[in-house]
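Peer 1: Just query.txt, nothing more (compact mmCIF, C-alpha atoms):
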# COMPACT_ATOMS: atom_id res chain seq x y z
CA MET A 1 0.00 0.00 0.00
CA LEU A 2 1.42 3.37 -1.03
CA THR A 3 2.03 5.77 1.83
CA ASN A 4 0.31 9.07 1.15
CA HIS A 5 2.97 11.77 1.37
CA LEU A 6 1.29 14.40 -0.85
CA GLY A 7 -2.18 14.67 0.61
CA VAL A 8 -3.93 13.13 -2.37
CA SER A 9 -7.35 11.71 -1.52
CA ASP A 10 -8.06 7.98 -1.57
CA ALA A 11 -10.57 8.55 -4.38
CA ILE A 12 -7.98 10.15 -6.65
CA TYR A 13 -5.40 7.47 -5.82
CA ALA A 14 -8.00 4.85 -6.75
CA LEU A 15 -8.68 6.68 -9.99
CA GLY A 16 -4.95 6.72 -10.72
CA ARG A 17 -4.57 2.99 -10.05
CA GLU A 18 -7.49 2.25 -12.35
CA ALA A 19 -5.98 4.43 -15.09
CA GLU A 20 -2.57 2.82 -14.70
CA LYS A 21 -3.96 -0.67 -15.17
CA GLU A 22 -5.64 0.40 -18.39
CA ILE A 23 -2.57 2.06 -19.90
CA ALA A 24 0.02 -0.59 -18.90
CA PRO A 25 -0.17 -2.42 -22.27
CA TYR A 26 0.89 0.73 -24.13
CA PHE A 27 4.16 1.12 -22.24
CA ALA A 28 5.86 -1.77 -24.05
CA ALA A 29 5.90 0.09 -27.38
CA ILE A 30 7.47 3.12 -25.69
CA GLU A 31 10.19 0.95 -24.16
CA GLN A 32 10.94 -0.61 -27.53
CA VAL A 33 11.47 2.81 -29.13
CA CYS A 34 13.60 3.83 -26.14
CA ASP A 35 15.78 0.73 -26.53
CA GLU A 36 16.42 1.35 -30.22
CA ASN A 37 17.15 5.04 -29.75
CA THR A 38 19.47 4.29 -26.83
CA GLU A 39 21.43 1.90 -29.03
CA LYS A 40 21.62 4.59 -31.71
CA VAL A 41 23.06 7.07 -29.21
CA LEU A 42 25.51 4.52 -27.79
CA ALA A 43 26.71 3.62 -31.29
CA ALA A 44 27.39 7.27 -32.08
CA PHE A 45 29.25 7.76 -28.80
CA ALA A 46 31.40 4.71 -29.55
CA LYS A 47 32.06 5.76 -33.14
CA HIS A 48 33.34 9.15 -32.03
CA ARG A 49 35.37 7.73 -29.12
CA VAL A 50 33.73 9.76 -26.36
CA SER A 51 35.96 10.10 -23.31
CA ASP A 52 36.13 12.54 -20.43
CA ASN A 53 38.69 14.72 -22.18
CA LEU A 54 35.77 15.95 -24.32
CA PHE A 55 33.97 17.32 -21.27
CA ALA A 56 36.43 20.10 -20.54
CA GLY A 57 35.02 23.45 -21.60
CA THR A 58 36.58 26.46 -23.25
CA THR A 59 36.38 30.17 -22.52
CA GLY A 60 36.71 33.31 -24.58
CA TYR A 61 36.46 32.66 -28.31
CA GLY A 62 36.13 28.92 -27.86
CA TYR A 63 38.57 28.01 -30.60
CA ASP A 64 39.47 24.32 -31.02
CA ASP A 65 36.77 23.10 -28.63
CA HIS A 66 37.14 19.40 -29.43
CA GLY A 67 34.25 18.40 -27.18
CA ARG A 68 31.88 20.87 -28.81
CA ASP A 69 32.86 19.88 -32.35
CA THR A 70 32.63 16.15 -31.60
CA LEU A 71 29.15 16.62 -30.17
CA ASP A 72 28.14 18.29 -33.45
CA ARG A 73 29.22 15.16 -35.32
CA ILE A 74 27.42 12.88 -32.88
CA TYR A 75 24.15 14.78 -33.32
CA ALA A 76 24.58 14.61 -37.10
CA ASP A 77 25.02 10.84 -36.96
CA ILE A 78 22.06 10.26 -34.64
CA PHE A 79 19.76 12.41 -36.77
CA GLY A 80 21.03 11.04 -40.08
CA ALA A 81 22.30 14.45 -41.18
CA GLU A 82 25.42 15.73 -42.92
CA ALA A 83 26.21 18.23 -40.16
CA ALA A 84 24.90 19.67 -36.92
CA LEU A 85 25.35 22.78 -34.80
CA VAL A 86 24.83 22.20 -31.05
CA ARG A 87 25.39 25.33 -29.01
CA ILE A 88 24.63 26.77 -25.60
CA GLY A 89 24.54 30.12 -27.42
CA PHE A 90 21.02 29.37 -28.62
CA VAL A 91 18.82 30.99 -25.98
CA ASN A 92 15.79 28.84 -26.80
CA GLY A 93 14.20 26.76 -29.53
CA THR A 94 12.82 29.82 -31.31
CA HIS A 95 16.36 31.19 -31.60
CA ALA A 96 17.62 27.97 -33.18
CA LEU A 97 14.63 27.82 -35.53
CA SER A 98 15.09 31.44 -36.55
CA CYS A 99 18.76 30.90 -37.40
CA ALA A 100 17.86 27.78 -39.37
CA MET A 101 15.16 29.56 -41.37
CA PHE A 102 17.46 32.42 -42.34
CA ALA A 103 19.93 29.84 -43.66
CA ALA A 104 17.72 29.26 -46.71
CA VAL A 105 16.21 32.63 -47.63
CA ARG A 106 17.25 35.96 -49.10
CA THR A 107 15.42 39.21 -49.82
CA GLY A 108 12.66 38.59 -52.35
CA ASP A 109 12.30 34.89 -51.47
CA THR A 110 9.12 33.37 -50.08
CA VAL A 111 8.67 31.09 -47.08
CA LEU A 112 5.79 28.62 -47.35
CA SER A 113 4.42 27.07 -44.16
CA VAL A 114 2.47 23.91 -45.02
CA THR A 115 1.15 23.27 -41.51
CA GLY A 116 -0.78 26.49 -41.00
CA PRO A 117 0.65 29.34 -38.93
CA ALA A 118 3.95 28.75 -37.16
CA TYR A 119 4.20 28.69 -33.38
CA ASP A 120 3.39 32.01 -31.72
CA THR A 121 6.95 33.11 -30.92
CA LEU A 122 8.29 32.07 -34.33
CA GLN A 123 5.71 34.21 -36.07
CA ASN A 124 7.70 37.21 -34.85
CA THR A 125 10.68 35.99 -36.89
CA ILE A 126 8.61 35.52 -40.02
CA THR A 127 5.94 38.23 -40.16
CA GLY A 128 6.66 40.38 -37.11
CA ASP A 129 7.15 44.13 -37.32
CA TYR A 130 10.60 43.92 -35.76
CA CYS A 131 14.03 44.96 -36.93
CA GLY A 132 15.66 41.81 -38.30
CA SER A 133 12.45 39.89 -39.01
CA MET A 134 11.97 38.23 -42.39
CA LYS A 135 9.27 40.75 -43.19
CA ASN A 136 11.75 43.53 -42.36
CA TYR A 137 14.22 42.02 -44.84
CA GLY A 138 11.67 41.81 -47.65
CA ILE A 139 11.14 38.05 -47.37
CA HIS A 140 7.58 37.04 -48.16
CA TYR A 141 5.34 34.51 -46.48
CA LYS A 142 2.55 32.16 -47.55
CA GLN A 143 0.86 29.31 -45.78
CA VAL A 144 -1.23 26.25 -46.48
CA ASP A 145 -3.68 25.53 -43.71
CA LEU A 146 -4.28 22.07 -42.40
CA GLN A 147 -7.44 20.31 -43.49
CA ASN A 148 -9.26 18.74 -40.55
CA GLY A 149 -5.98 18.82 -38.66
CA LYS A 150 -4.05 16.98 -41.38
CA PRO A 151 -1.73 18.13 -44.18
CA ASP A 152 -3.63 19.24 -47.26
CA TYR A 153 -1.48 17.53 -49.88
CA ASP A 154 -3.46 18.85 -52.86
CA ALA A 155 -3.12 22.44 -51.64
CA ILE A 156 0.59 21.89 -50.95
CA THR A 157 1.05 20.54 -54.49
CA ASP A 158 -0.44 23.72 -55.92
CA ALA A 159 1.33 26.13 -53.54
CA VAL A 160 4.91 24.85 -54.04
CA LYS A 161 4.80 25.52 -57.79
CA ASP A 162 5.65 29.16 -57.05
CA ASP A 163 9.33 29.53 -58.04
CA ALA A 164 9.80 32.26 -55.44
CA ILE A 165 9.39 29.69 -52.65
CA THR A 166 12.83 28.75 -51.39
CA LEU A 167 11.87 27.46 -47.93
CA VAL A 168 9.05 25.09 -47.03
CA PHE A 169 8.39 25.05 -43.30
CA ILE A 170 6.83 22.16 -41.39
CA GLN A 171 5.90 22.33 -37.72
CA ARG A 172 5.95 18.78 -36.38
CA SER A 173 4.29 19.46 -33.05
CA ARG A 174 0.97 21.18 -32.44
CA GLY A 175 2.26 24.29 -30.66
CA TYR A 176 -0.76 26.12 -29.28
CA ALA A 177 -2.98 24.83 -32.08
CA VAL A 178 -5.71 22.24 -31.60
CA ARG A 179 -4.43 19.68 -34.08
CA GLU A 180 -2.57 16.39 -34.16
CA THR A 181 1.20 16.16 -34.18
CA LEU A 182 2.72 14.99 -37.46
CA SER A 183 4.34 11.58 -37.65
CA CYS A 184 7.61 11.17 -39.51
CA ALA A 185 5.64 9.17 -42.10
CA GLU A 186 3.44 12.22 -42.74
CA ILE A 187 6.50 14.46 -42.89
CA ALA A 188 7.99 12.07 -45.45
CA GLU A 189 4.86 12.39 -47.59
CA ILE A 190 4.99 16.20 -47.40
CA CYS A 191 8.64 16.06 -48.48
CA ARG A 192 7.72 13.85 -51.43
CA VAL A 193 4.99 16.23 -52.57
CA VAL A 194 7.26 19.27 -52.21
CA ARG A 195 10.12 17.64 -54.11
CA GLU A 196 7.84 16.82 -57.04
CA GLY A 197 6.57 20.38 -57.31
CA ASN A 198 9.65 22.38 -56.30
CA PRO A 199 12.84 20.30 -56.15
CA HIS A 200 15.01 23.30 -55.28
CA ALA A 201 13.12 24.41 -52.16
CA VAL A 202 14.69 23.72 -48.78
CA ILE A 203 12.43 21.70 -46.48
CA MET A 204 12.80 22.56 -42.81
CA VAL A 205 11.09 20.98 -39.80
CA ASP A 206 10.50 22.48 -36.38
CA ASN A 207 11.40 19.31 -34.47
CA CYS A 208 10.66 20.59 -30.95
CA TYR A 209 9.08 18.00 -28.64
CA GLY A 210 9.49 15.22 -31.21
CA GLU A 211 13.07 14.03 -30.80
CA PHE A 212 13.42 10.34 -29.82
CA VAL A 213 9.66 9.76 -29.79
CA GLU A 214 10.04 7.67 -32.95
CA THR A 215 13.03 5.66 -34.14
CA VAL A 216 13.64 8.05 -37.06
CA GLU A 217 13.88 11.82 -37.31
CA PRO A 218 12.65 14.15 -40.10
CA THR A 219 16.15 14.44 -41.60
CA GLN A 220 16.00 10.69 -42.20
CA VAL A 221 12.76 10.90 -44.20
CA GLY A 222 13.46 13.81 -46.56
CA ALA A 223 13.83 17.05 -44.59
CA ASP A 224 16.88 19.20 -45.36
CA LEU A 225 17.03 20.88 -41.98
CA ILE A 226 15.67 20.42 -38.45
CA ALA A 227 16.06 22.47 -35.30
CA GLY A 228 15.06 22.28 -31.67
CA SER A 229 15.81 23.12 -28.07
CA LEU A 230 18.17 21.35 -25.67
CA ILE A 231 15.87 22.01 -22.70
CA LYS A 232 13.34 19.76 -24.38
CA ASN A 233 13.85 16.12 -25.40
CA PRO A 234 17.48 16.00 -26.63
CA GLY A 235 18.91 17.63 -23.50
CA GLY A 236 17.62 14.79 -21.36
CA GLY A 237 16.79 17.13 -18.50
CA LEU A 238 20.49 17.87 -17.90
CA ALA A 239 21.37 20.44 -20.56
CA PRO A 240 21.24 23.85 -18.84
CA THR A 241 20.38 25.78 -22.03
CA GLY A 242 20.96 25.71 -25.77
CA GLY A 243 19.61 24.39 -29.03
CA TYR A 244 20.62 22.44 -32.11
CA ILE A 245 20.34 22.56 -35.88
CA ALA A 246 21.01 19.51 -38.07
CA GLY A 247 20.78 18.80 -41.76
CA ARG A 248 22.53 19.64 -45.00
CA ALA A 249 26.07 20.84 -44.35
CA ASP A 250 25.76 24.06 -46.37
CA LEU A 251 22.56 25.05 -44.59
CA VAL A 252 24.00 24.32 -41.16
CA GLU A 253 26.99 26.47 -42.05
CA ASN A 254 24.70 29.31 -43.14
CA ALA A 255 22.77 29.04 -39.90
CA SER A 256 26.00 29.27 -37.90
CA TYR A 257 26.67 32.66 -39.51
CA ARG A 258 23.31 33.86 -38.23
CA LEU A 259 24.11 32.60 -34.72
CA THR A 260 27.49 34.36 -34.54
CA ALA A 261 28.70 36.41 -37.53
CA PRO A 262 29.47 35.84 -41.23
CA GLY A 263 32.87 34.25 -41.63
CA ILE A 264 32.98 33.15 -37.98
CA GLY A 265 30.08 30.73 -37.73
CA GLY A 266 30.64 27.65 -35.60
CA GLU A 267 34.37 28.20 -35.16
CA CYS A 268 33.67 30.40 -32.15
CA GLY A 269 31.45 29.79 -29.16
CA CYS A 270 32.97 28.73 -25.87
CA THR A 271 31.28 26.01 -23.83
CA MET A 272 32.28 27.20 -20.34
CA GLY A 273 32.36 23.75 -18.78
CA GLN A 274 28.92 22.68 -20.01
CA ASN A 275 30.02 19.92 -22.40
CA ARG A 276 29.60 17.11 -19.89
CA LEU A 277 25.96 18.03 -19.26
CA LEU A 278 25.25 18.17 -23.00
CA TYR A 279 26.80 14.76 -23.56
CA GLN A 280 25.18 13.19 -20.52
CA GLY A 281 21.84 14.78 -21.38
CA LEU A 282 21.97 13.35 -24.89
CA PHE A 283 22.83 9.94 -23.46
CA MET A 284 19.78 10.18 -21.17
CA ALA A 285 17.48 11.64 -23.83
CA PRO A 286 15.83 8.43 -25.14
CA HIS A 287 15.07 7.27 -21.59
CA THR A 288 13.91 10.68 -20.39
CA THR A 289 11.68 11.07 -23.43
CA ALA A 290 10.14 7.68 -22.67
CA GLN A 291 9.39 8.80 -19.11
CA ALA A 292 7.66 11.90 -20.46
CA LEU A 293 5.59 9.80 -22.85
CA LYS A 294 4.45 7.51 -20.04
CA THR A 295 3.50 10.55 -17.98
CA ALA A 296 1.50 11.91 -20.92
CA ILE A 297 -0.40 8.65 -21.39
CA PHE A 298 -1.23 8.55 -17.68
CA CYS A 299 -2.41 12.16 -17.82
CA ALA A 300 -4.62 11.42 -20.81
CA LYS A 301 -6.36 8.52 -19.11
CA VAL A 302 -6.85 10.27 -15.75
CA MET A 303 -8.21 13.47 -17.26
CA GLU A 304 -10.46 11.54 -19.59
CA LYS A 305 -11.89 9.71 -16.58
CA LEU A 306 -12.61 13.12 -15.03
CA GLY A 307 -14.67 13.99 -18.09
CA TYR A 308 -12.33 16.16 -20.15
CA GLU A 309 -11.48 15.87 -23.83
CA VAL A 310 -7.83 14.91 -24.36
CA SER A 311 -5.54 14.65 -27.36
CA PRO A 312 -3.95 12.27 -28.06
CA LYS A 313 -6.07 9.61 -26.37
CA ALA A 314 -4.13 7.28 -24.09
CA GLU A 315 -4.47 4.49 -26.65
CA GLU A 316 -3.20 6.49 -29.64
CA THR A 317 0.30 6.34 -31.09
CA ARG A 318 2.32 9.42 -30.16
CA HIS A 319 4.68 11.53 -32.23
CA ASP A 320 5.69 14.09 -29.60
CA ILE A 321 5.57 14.43 -25.81
CA ILE A 322 2.72 16.95 -25.63
CA GLN A 323 -0.63 16.10 -24.07
CA THR A 324 -3.57 18.46 -24.42
CA ILE A 325 -6.57 18.73 -22.15
CA ALA A 326 -9.55 20.82 -23.25
CA PHE A 327 -11.06 22.33 -20.10
CA GLY A 328 -13.56 24.64 -21.77
CA ALA A 329 -13.31 27.16 -18.94
CA PRO A 330 -10.53 29.05 -17.12
CA GLU A 331 -11.16 27.70 -13.60
CA PRO A 332 -10.31 23.98 -14.07
CA LEU A 333 -7.38 25.00 -16.28
CA ARG A 334 -5.94 27.13 -13.50
CA ARG A 335 -6.49 24.36 -10.94
CA PHE A 336 -4.75 21.83 -13.16
CA CYS A 337 -1.71 24.10 -13.47
CA GLU A 338 -1.72 24.67 -9.71
CA GLY A 339 -1.57 20.91 -9.16
CA ILE A 340 1.27 20.42 -11.64
CA GLN A 341 3.21 23.19 -9.89
CA ALA A 342 2.51 21.66 -6.48
CA GLY A 343 4.00 18.38 -7.71
CA ALA A 344 7.22 20.01 -8.91
CA PRO A 345 10.55 19.48 -7.12
CA VAL A 346 11.32 23.21 -7.44
CA ASP A 347 8.99 26.08 -6.46
CA SER A 348 6.18 23.73 -5.42
CA PHE A 349 4.92 26.48 -3.10
CA VAL A 350 4.32 28.91 -5.99
CA THR A 351 0.84 29.53 -7.44
CA PRO A 352 1.03 29.99 -11.23
CA GLU A 353 -0.78 33.04 -12.59
CA PRO A 354 -1.39 34.13 -16.21
CA TRP A 355 1.07 36.77 -17.37
CA ALA A 356 2.18 38.57 -20.52
CA MET A 357 4.99 36.29 -21.71
CA PRO A 358 7.27 37.78 -24.40
CA GLY A 359 6.19 36.74 -27.88
CA TYR A 360 2.58 35.87 -27.05
CA GLU A 361 -0.53 37.91 -27.86
CA VAL A 362 -2.61 36.78 -24.85
CA PRO A 363 -1.69 36.06 -21.21
CA VAL A 364 -0.18 32.62 -20.70
CA ILE A 365 -0.35 30.52 -17.54
CA MET A 366 2.62 28.24 -16.98
CA ALA A 367 3.34 25.66 -14.32
CA ALA A 368 7.02 24.73 -14.41
CA GLY A 369 8.85 23.92 -11.20
CA ALA A 370 11.98 22.79 -12.99
CA PHE A 371 15.68 22.41 -12.20
CA VAL A 372 16.33 24.18 -15.52
CA GLN A 373 14.17 27.27 -15.92
CA GLY A 374 11.46 26.68 -18.50
CA ALA A 375 12.60 23.14 -19.34
CA SER A 376 9.62 21.41 -20.90
CA ILE A 377 11.20 17.95 -20.72
CA GLU A 378 10.59 18.40 -17.00
CA LEU A 379 6.94 18.18 -15.95
CA SER A 380 5.23 21.39 -16.99
CA ALA A 381 1.89 22.68 -18.18
CA ASP A 382 1.04 25.88 -19.98
CA ALA A 383 -1.85 27.44 -21.81
CA PRO A 384 -2.89 30.68 -23.48
CA MET A 385 -5.83 32.10 -21.53
CA ARG A 386 -8.29 32.04 -24.39
CA GLU A 387 -11.12 29.82 -25.54
CA PRO A 388 -11.37 26.82 -25.67
CA TYR A 389 -8.98 26.89 -22.67
CA VAL A 390 -6.77 24.04 -23.79
CA CYS A 391 -3.83 23.15 -21.58
CA TYR A 392 -0.59 21.72 -22.96
CA MET A 393 1.14 19.34 -20.58
CA GLN A 394 4.57 17.91 -21.32
CA GLY A 395 7.60 16.38 -19.70
CA GLY A 396 8.31 14.32 -16.64
CA LEU A 397 11.91 13.38 -15.84
CA THR A 398 10.63 10.24 -14.15
CA TYR A 399 7.29 8.56 -14.60
CA SER A 400 6.79 8.27 -10.83
CA SER A 401 7.18 12.01 -10.26
CA GLY A 402 5.13 12.81 -13.34
CA LYS A 403 2.34 10.57 -12.12
CA ALA A 404 2.37 12.31 -8.74
CA GLY A 405 2.01 15.69 -10.43
CA ILE A 406 -0.97 14.50 -12.46
CA LEU A 407 -2.68 13.11 -9.33
CA LEU A 408 -2.18 16.43 -7.54
CA ALA A 409 -3.66 18.25 -10.54
CA ALA A 410 -6.67 15.93 -10.53
CA GLU A 411 -7.08 16.53 -6.79
CA ARG A 412 -7.08 20.33 -7.26
CA ILE A 413 -9.72 20.08 -9.97
CA GLN A 414 -11.96 17.82 -7.90
CA ASN A 415 -11.62 20.03 -4.82
CA SER A 416 -12.61 23.12 -6.83
CA LYS A 417 -15.74 21.34 -8.07
CA GLN A 418 -16.77 20.51 -4.51
CA ALA A 419 -16.07 23.99 -3.11
In structure tokens, how does this file's structure come out?
Peer 2:
Amino acid sequence: MLTNHLGVSDAIYALGREAEKEIAPYFAAIEQVCDENTEKVLAAFAKHRVSDNLFAGTTGYGYDDHGRDTLDRIYADIFGAEAALVRIGFVNGTHALSCAMFAAVRTGDTVLSVTGPAYDTLQNTITGDYCGSMKNYGIHYKQVDLQNGKPDYDAITDAVKDDAITLVFIQRSRGYAVRETLSCAEIAEICRVVREGNPHAVIMVDNCYGEFVETVEPTQVGADLIAGSLIKNPGGGLAPTGGYIAGRADLVENASYRLTAPGIGGECGCTMGQNRLLYQGLFMAPHTTAQALKTAIFCAKVMEKLGYEVSPKAEETRHDIIQTIAFGAPEPLRRFCEGIQAGAPVDSFVTPEPWAMPGYEVPVIMAAGAFVQGASIELSADAPMREPYVCYMQGGLTYSSGKAGILLAAERIQNSKQA
């Protein structure tokens, strides 16, 4: 019998046990993917002869940082790419994505998003009225909206015929949209359609939240370029900051000039003693991602039992770590976030409140009691405070702690109903 240390009611514990029994069969598939991805990471580490001499950091310019440069090659191998750029100098995923996008466009070119509008913060890079945005540089933008939440292949076929399109953008995850995450098989089909209509366009994928969820990555199914954040899946909960770009060598090189300066690129960028955490985080990434997926499945089943609409369902195959819960009203959404925060190892005593986060048009509530600030591979939940009041839960360094956070969230919701 589990000792109750968190003050969760017997009724919610019983609900959790019932949910866990129902989802147990789906864990085996997650473990299988984890095993294969772990072997992939181990093989890359062995190929590049990882030893502790690579963990020493550099200062200043960061010239001849052997650990940094070897990690680039390891990422490239794991993601099936020609080259990679893994840097703590990327302040977040949006920064990495922005640098990657600018690698393929010039003034007068057109960016085509084939998955509807890009994530809120990335829209500032593309169409924002900011100095240095693509719009500011005279780069044009078009988009193909999803059809019933799925890629509209016919519309994509027509749209890519425009010779001015030099970059086709795919957002793998749902962001703050109410739609399904794309599988790598769907991304492969988009790439096929684009290649037939515009073989010269660069295909780029926002890979945030999707790394190590499947046994292949978008660069292994036709994408020229991918980018993401190290405080999500690939950092394994240990990377303190940073992002990565992987893909065609010339495009990665161009992106490095955007990160630093033309002619300098990836040759500079000291690591300040962080290499060990980046290596160890990558080693842990397949396992940590699996823990987050188990947490998401548990969340889906528990919240469904409480009467809320969830996506994906617990029984559905997953292509990223995000779980959505449609609350339909602000009050249960706030209570859910309060419970997630209460189950965090850091700042559990804090009550999350909506606030004007940079890059978002509406107030956002975020529960994130993480060892790394804002790390969404650690258990977190966030939502824009707008209808239909959908919450986006992700992460969980361990399934046990993630499960506890979900139970606390369920308890807060139930208590608010009874008040």
Peer 1: May I have the residues within 8 Å of A:Ala344 as a PDB file with C-alpha atoms, keeping the file's coordinate frame, using only C-alpha atoms and disregarding those fewer than 2 positions away in the same chain?
Peer 2:
ATOM      1  CA  ILE A 340       1.270  20.420 -11.640  1.00  0.00           C
ATOM      2  CA  GLN A 341       3.210  23.190  -9.890  1.00  0.00           C
ATOM      3  CA  ALA A 342       2.510  21.660  -6.480  1.00  0.00           C
ATOM      4  CA  VAL A 346      11.320  23.210  -7.440  1.00  0.00           C
ATOM      5  CA  ASP A 347       8.990  26.080  -6.460  1.00  0.00           C
ATOM      6  CA  SER A 348       6.180  23.730  -5.420  1.00  0.00           C
ATOM      7  CA  ALA A 368       7.020  24.730 -14.410  1.00  0.00           C
ATOM      8  CA  GLY A 369       8.850  23.920 -11.200  1.00  0.00           C
ATOM      9  CA  ALA A 370      11.980  22.790 -12.990  1.00  0.00           C
ATOM     10  CA  LEU A 379       6.940  18.180 -15.950  1.00  0.00           C
ATOM     11  CA  GLY A 405       2.010  15.690 -10.430  1.00  0.00           C
TER      12      GLY A 405
END
Peer 1: Rounded to one decimal in Å, what is the spacing between atom CA of A:Lys47 and atom CA of A:Ala103?
Peer 2: 28.9 Å
Peer 1: Give me, as a tab-separated table, each residue of stretch 220-294 of chain A that comes within 7 Å of stretch 28-37 of chain A, together with its shortest interatomic pair and the distance in Å at one decimal, counting all atoms listed in the file, with rows ordered by chain and rising residue number.
Peer 2:
residue	atom	partner	partner_atom	distance
A:Pro286	CA	A:Cys34	CA	5.2
A:His287	CA	A:Cys34	CA	5.9
A:Ala290	CA	A:Ile30	CA	6.1
Peer 1: Would you put the residues from that selection into a file with C-alpha atoms, as a compact mmCIF listing (two decimals), in the frame of the given file?
Peer 2:
# COMPACT_ATOMS: atom_id res chain seq x y z
CA PRO A 286 15.83 8.43 -25.14
CA HIS A 287 15.07 7.27 -21.59
CA ALA A 290 10.14 7.68 -22.67
Peer 1: Which residues of stretch 275-317 of chain A come within 12 Å of stretch 197-209 of chain A, and for each one, what is the closest pair of atoms and their distance in Å to one decimal, counting all atoms listed in the file, sorted by chain and residue number, as a Markdown table?
Peer 2:
| residue | atom | partner | partner_atom | distance |
| --- | --- | --- | --- | --- |
| A:Ala285 | CA | A:Tyr209 | CA | 11.6 |
| A:Thr289 | CA | A:Tyr209 | CA | 9.1 |
| A:Ala290 | CA | A:Tyr209 | CA | 12.0 |
| A:Ala292 | CA | A:Tyr209 | CA | 10.3 |
| A:Leu293 | CA | A:Tyr209 | CA | 10.6 |
Peer 1: Name all residues at most 9 Å from A:Ala255 (count only C-alpha atoms; drop same-chain ones fewer than 3 positions away) and give them as a list in words.
Peer 2: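 After dropping sequence-adjacent residues, the list is Leu85, Ala96, Ser98, Cys99, Ala100, Met101, Phe102, Ala103, Ala104, Ile245, Asp250, Leu251, Val252, Arg258, Leu259, Thr260 and Gly265 of chain A.
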Peer 1: Find the distance between atom CA of A:Val193 and atom CA of A:Met134 and write it in Å to one decimal.
Peer 2: 25.2 Å
Peer 1: Quick one: axis-aligned box around all listed atoms of stretch 87-92 of chain A, 8 Å on every side, centre and edge lengths in Å to one decimal, written as lines of an AutoDock Vina configuration file.
Peer 2:
center_x = 20.6
center_y = 28.2
center_z = -27.3
size_x = 25.6
size_y = 21.7
size_z = 19.4
Peer 1: Select stretch 56-71 of chain A in the preceding structure and write N, CA and C atoms to a file as a PDB file, in the first residue's frame.
Peer 2:
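Done, and the output landed in selection-v4.pdb:
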ATOM      1  N   ALA A  56      35.828  18.844 -20.969  1.00  0.00           N
ATOM      2  CA  ALA A  56      36.432  20.104 -20.544  1.00  0.00           C
ATOM      3  C   ALA A  56      35.931  21.241 -21.435  1.00  0.00           C
ATOM      4  N   GLY A  57      35.550  22.336 -20.827  1.00  0.00           N
ATOM      5  CA  GLY A  57      35.024  23.450 -21.600  1.00  0.00           C
ATOM      6  C   GLY A  57      36.096  24.443 -22.002  1.00  0.00           C
ATOM      7  N   THR A  58      35.694  25.377 -22.844  1.00  0.00           N
ATOM      8  CA  THR A  58      36.584  26.457 -23.248  1.00  0.00           C
ATOM      9  C   THR A  58      35.998  27.784 -22.801  1.00  0.00           C
ATOM     10  N   THR A  59      36.819  28.815 -22.856  1.00  0.00           N
ATOM     11  CA  THR A  59      36.381  30.170 -22.524  1.00  0.00           C
ATOM     12  C   THR A  59      36.687  31.082 -23.710  1.00  0.00           C
ATOM     13  N   GLY A  60      36.370  32.346 -23.547  1.00  0.00           N
ATOM     14  CA  GLY A  60      36.714  33.314 -24.582  1.00  0.00           C
ATOM     15  C   GLY A  60      36.102  32.984 -25.931  1.00  0.00           C
ATOM     16  N   TYR A  61      36.950  32.933 -26.964  1.00  0.00           N
ATOM     17  CA  TYR A  61      36.464  32.661 -28.310  1.00  0.00           C
ATOM     18  C   TYR A  61      35.972  31.229 -28.484  1.00  0.00           C
ATOM     19  N   GLY A  62      36.525  30.311 -27.725  1.00  0.00           N
ATOM     20  CA  GLY A  62      36.129  28.920 -27.863  1.00  0.00           C
ATOM     21  C   GLY A  62      36.761  28.215 -29.050  1.00  0.00           C
ATOM     22  N   TYR A  63      37.911  28.688 -29.494  1.00  0.00           N
ATOM     23  CA  TYR A  63      38.573  28.014 -30.603  1.00  0.00           C
ATOM     24  C   TYR A  63      38.985  26.597 -30.207  1.00  0.00           C
ATOM     25  N   ASP A  64      38.962  25.696 -31.191  1.00  0.00           N
ATOM     26  CA  ASP A  64      39.466  24.324 -31.021  1.00  0.00           C
ATOM     27  C   ASP A  64      38.813  23.620 -29.838  1.00  0.00           C
ATOM     28  N   ASP A  65      37.504  23.805 -29.688  1.00  0.00           N
ATOM     29  CA  ASP A  65      36.772  23.099 -28.632  1.00  0.00           C
ATOM     30  C   ASP A  65      36.418  21.712 -29.165  1.00  0.00           C
ATOM     31  N   HIS A  66      37.275  20.744 -28.866  1.00  0.00           N
ATOM     32  CA  HIS A  66      37.137  19.401 -29.429  1.00  0.00           C
ATOM     33  C   HIS A  66      35.843  18.737 -28.954  1.00  0.00           C
ATOM     34  N   GLY A  67      35.479  18.979 -27.702  1.00  0.00           N
ATOM     35  CA  GLY A  67      34.247  18.400 -27.176  1.00  0.00           C
ATOM     36  C   GLY A  67      33.019  18.932 -27.884  1.00  0.00           C
ATOM     37  N   ARG A  68      32.994  20.234 -28.106  1.00  0.00           N
ATOM     38  CA  ARG A  68      31.877  20.867 -28.814  1.00  0.00           C
ATOM     39  C   ARG A  68      31.752  20.334 -30.229  1.00  0.00           C
ATOM     40  N   ASP A  69      32.880  20.290 -30.950  1.00  0.00           N
ATOM     41  CA  ASP A  69      32.859  19.878 -32.349  1.00  0.00           C
ATOM     42  C   ASP A  69      32.523  18.392 -32.499  1.00  0.00           C
ATOM     43  N   THR A  70      32.966  17.574 -31.555  1.00  0.00           N
ATOM     44  CA  THR A  70      32.628  16.150 -31.601  1.00  0.00           C
ATOM     45  C   THR A  70      31.141  15.945 -31.343  1.00  0.00           C
ATOM     46  N   LEU A  71      30.581  16.735 -30.438  1.00  0.00           N
ATOM     47  CA  LEU A  71      29.146  16.618 -30.169  1.00  0.00           C
ATOM     48  C   LEU A  71      28.341  16.983 -31.412  1.00  0.00           C
TER      49      LEU A  71
END
